[in-house]
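A.B. asks: There's a structure below that I have some questions on.
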Amino acid sequence: MSSPMTPTVPTPLPGGLPVLATPVLTPATQPSQYHYKQQVVRVFTSAGAFIDVWRDAPLLSGVKFAINSATSPLRVQLPRAFDNFDEAGTTGALGTIAQGNIVQYWLYGPGLPSTGLLKFQGVIDSYQPQIAESGEESLTVTITPFDSAVGDSGIVGSVQFGTVGVSGTYEDPVTMFNWWFSNINGVTGHPYPYPLTLNGSNPASSGGVPTTYLFQNQSLVSLFETIRTMLPANWFWRVNQDKTVTLNVPPTTPQHLFVLGQHLAAPQYRKDWTQLRNVVQVQGNVGPIVTITSALAASTNYTTLATAPLPFALISGQNVILDPKGSDAITLTLTANASAKATSISVVSFNTGAFAYASGTQVGIVIQATATGSDISTFGYRLAQVADTRILDVKTAQALANGLLTQYDREQLRTTIRVIDYRGDSQTGIGYDIETIEPGDTCSIVLPYGSGNQSLWDEMTWDVNDWDQSPGSALSATAVIYSVSYSYDFVDIELGSPGPSQDIALLKIARAFGDYSLVV
Amino acid sequence: MRMRQMAAIQAGQRAKQLPRPAPPPLPPGQAPAKRLFALEDVRRIPVTQTDAARAFLSSSSSEGRIFPQALSEALAGVAGVASVDIDIAPVGEHLPTHLTPDMPVVVVTITPTQYVHLNTRRALLRCDDLCAISSSARGRHVIFRAAAMAQHLATLHPQLPLVSITPQATPVVLPD
């Protein structure tokens, strides 16, 4: 009996005609090409007309997909001659290299659609031919990703959702998110996120708190992030390869199970409490204005103000501004709660100095809200303060404070793991279908060797030690995939929370500065 | 004979028109691991919260904040469950004989669909449990696990205490 790998042997048939006996190929013995995936890079003009295929493009690698963010640009190096790299307009060139050309990476192979999987697409925004000292000639092309509209688009002017004080007009944050996709930007004549569209499977509502908000002079990513903060815990947005935008919440059960040693290697994780904030104070614009009903004399100390009936309740610690539009404005802090329609407020003692305030002087109520976590006794008082003059309503300020508390008041488990593709290897059972991993999915890591430490009754201290736990068990909790760095044969994924990034920190500063300086 | 020859020729032409056969499937148990389900496939049922419940859960802990979502997904897998309501109340309102009647509890009320012979049931969870942080030497971790607790309630659902008896659906009278 021959093994499956026995070479083919001519077998004579009755009558003398030879026929080749073909060995049976099982998956374990098939050549590795059986599992290979292939890449085709198609190039189109900016109008969408097909030009040609980049046959010399390296395998897709170095692109990072993430939630709540745009995809990273892709730089590819093509082995082309310094003065003959198919630049548009040169003699004999098809013109695949030109600013504005669309480049699409399609994948084919086992487990992928027969029509191919569009993995990445973008627009050529830069190209750089070069000759190295060794004489090697190449062309470096930078492809701006398909979802750059997230950073490039935005509003100049203002759009307000809901009427302040009329809670029936307040909008669900999901409705606010969808609005940008169905309304035309007067500057471009297209919807604001064009060419991006809404994903059809997005939920119609969030079940969160309806709010009002004045969007003003913001980029699209700033709009999306503000809306995400108003949503309940864990919501995310993501731009898909088909140019649709998903707004959803990851499931609480894992969508992926990664087995250590089988699907991934070299895991590492970090428990981080440095960013934990358990008190969030959000301060908005100067909202409703009431008037004082008794005059204040100059150079006198006061601890109370007699006012016209308050439009809503105020809380201790909230700020009000006496004569907010005058040169003698004073910011005062309440020392006690005041109910709606109250005609007096208690404030921290202040001296009027050189100014006297007549009856009828205005008092502006600063929109303010605070969200407090239950873990102050454990971690101490850790305050985060946010000022945003677009907030015109206490309810909205509270929703934002709750949203920020959700983001900050937690232990951050930062993990980076490398998951290898099953394709390209004839060995079955090893590797994972990495093409099914998307940012925003949930996963759990399975440690097959079980518990690292087994507790003994005479050694374990009640309420101090864990019972039969491995230090690595922190990984087995369901975690959200924040980013996927694609490398063709494997992906590096960030779990739990995005890793520290100087770019992100700078972007946040720039956004905060823009928010602060642009709003009048 | 001629008919058989024509049939063979036609079969050959048909074979040429067919696409190339797909590679054989992998043997059972050796299929590559991949995503178990897509986000679009997740089924959720409505969860309503009172303002008090929303305020408490928001300040409780990272796991407490996702508890409504976990309930929405776990109980969506229980046949006949229509919706979930979450409230905060002193335990004495629901368990009159409790030793500490003022202790606040999270009240999870599970309502069945209209035409299912199930009853409205209720589960009580101590508020402190949703906020508790481990004092383990290895670190301070939130002890409560929203998904596990929601799954536990889904498992216990038929045995949870009754709130009310759902009125029987009007019997259908078949014509003679």
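Naming scheme: A, B, ... for chains in displayed order of the structure tokens; residues 1 onward per chain; ligands 1 onward as shown.
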Please identify all residues of chain A having at least one atom at most 9 Å from any atom of chain B, considering only C-alpha atoms, and return them as a tab-separated table (two decimals) with C-alpha atoms, in the first residue's frame.
C.D. replies:
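Result file follows (part.tsv):
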```
chain	number	residue	atom	x	y	z
A	26	THR	CA	-5.63	15.27	2.11
A	27	PRO	CA	-5.41	18.76	3.62
A	34	TYR	CA	-3.84	25.31	-1.27
A	110	PRO	CA	-9.83	30.33	0.73
A	111	GLY	CA	-12.52	31.65	3.01
A	201	SER	CA	-27.30	47.80	10.13
A	202	ASN	CA	-26.80	50.65	12.60
A	207	GLY	CA	-31.86	54.33	24.46
A	232	PRO	CA	-24.27	55.14	26.71
A	233	ALA	CA	-21.19	53.14	27.65
A	234	ASN	CA	-18.95	51.50	25.05
A	248	ASN	CA	-22.89	50.54	17.31
A	249	VAL	CA	-22.04	49.02	20.66
A	250	PRO	CA	-19.86	45.90	20.89
A	251	PRO	CA	-21.54	42.81	22.31
A	252	THR	CA	-20.77	41.78	25.87
A	253	THR	CA	-19.98	38.24	24.74
A	254	PRO	CA	-16.79	37.58	22.76
A	255	GLN	CA	-17.00	37.35	18.98
A	256	HIS	CA	-13.49	35.90	18.75
A	257	LEU	CA	-11.81	33.27	20.91
A	258	PHE	CA	-8.04	33.37	20.56
A	263	HIS	CA	-3.90	31.49	17.16
A	271	LYS	CA	-2.84	47.10	33.86
A	278	ASN	CA	-13.56	59.35	39.11
A	371	ALA	CA	-20.47	62.99	37.50
A	372	THR	CA	-18.92	61.12	40.38
A	373	GLY	CA	-17.82	57.50	40.48
A	374	SER	CA	-18.35	55.24	43.46
A	375	ASP	CA	-14.64	54.44	43.85
A	378	THR	CA	-10.55	53.35	46.85
A	379	PHE	CA	-8.56	55.46	44.43
A	402	ASN	CA	-21.53	60.67	32.52
A	403	GLY	CA	-20.03	59.73	29.17
A	405	LEU	CA	-16.84	59.26	33.49
A	406	THR	CA	-17.51	56.04	31.60
A	407	GLN	CA	-14.37	56.58	29.56
A	409	ASP	CA	-13.38	55.79	35.53
A	410	ARG	CA	-11.99	52.34	34.86
A	411	GLU	CA	-8.88	50.30	35.02
A	422	TYR	CA	-4.22	30.26	8.90
A	423	ARG	CA	-3.70	30.78	5.20
A	428	THR	CA	-4.56	22.76	9.81
A	429	GLY	CA	-5.70	24.04	13.18
A	430	ILE	CA	-2.93	26.60	13.46
A	431	GLY	CA	-3.69	30.24	12.86
A	432	TYR	CA	-6.88	32.25	12.63
A	433	ASP	CA	-8.99	33.74	9.87
A	434	ILE	CA	-7.60	37.23	10.36
A	435	GLU	CA	-9.78	38.67	7.61
A	436	THR	CA	-12.77	38.34	9.95
A	437	ILE	CA	-11.20	40.54	12.65
A	440	GLY	CA	-14.98	47.12	17.40
A	441	ASP	CA	-15.29	43.35	17.67
A	463	ASP	CA	-10.41	38.66	51.12
A	464	VAL	CA	-6.73	39.10	50.25
A	465	ASN	CA	-5.73	36.32	47.88
A	466	ASP	CA	-7.53	35.13	44.78
A	471	PRO	CA	-2.08	36.30	36.65
A	478	THR	CA	-14.15	40.01	27.16
```
A.B. asks: As number ranges by chain, which residues of stretch 146-246 of chain A does DSSP assign to strand (DSSP E)?
C.D. replies: A: 154-161, 197-198, 213-219, 236-239, 244-246
A.B. asks: Env of stretch 88-97 of chain B: 8 Å cut, atoms = only C-alpha atoms, seq-sep filter 4 positions within chain, self excluded. Answer as JSON, numbers by chain.
C.D. replies: {"B": [50, 52, 53, 56, 101, 102, 103, 104, 105, 106, 107, 124]}
A.B. asks: Which is closer to A:Gln398 than all the others in A:Val63, A:Leu231, A:Ile330, A:Val347, using only C-alpha atoms?
C.D. replies: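 For A:Gln398, the nearest of the candidates is A:Leu231.
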A.B. asks: With distances taken over only C-alpha atoms, which of A:Thr303, A:Thr91, A:Ser483, A:Asn68 is nearest to A:Phe224?
C.D. replies: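 Residue with the minimum atom-to-atom distance to A:Phe224: A:Asn68.
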A.B. asks: As an exercise, work out the distance from atom CA of B:Gly77 to atom CA of B:Thr155 in Å and give it to one decimal place.
C.D. replies: 10.0 Å
A.B. asks: Could you tell me how far atom CA of A:Ala66 lies from atom CA of A:Pro439, in Å and to one decimal?
C.D. replies: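 Spanning atom CA of A:Ala66 to atom CA of A:Pro439 is a straight-line distance of 5.5 Å.
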A.B. asks: Applying 9 Å and only C-alpha atoms, which residues near A:Thr352 remain after dropping the ones on its own chain fewer than 2 positions away? List them as a list in words.
C.D. replies: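 Answer for this query is Leu296, Ala297, Ala298, Ser299, Thr300, Asn301, Tyr302, Ile330, Phe350, Ala354, Phe355, Ala356 and Tyr357 of chain A.
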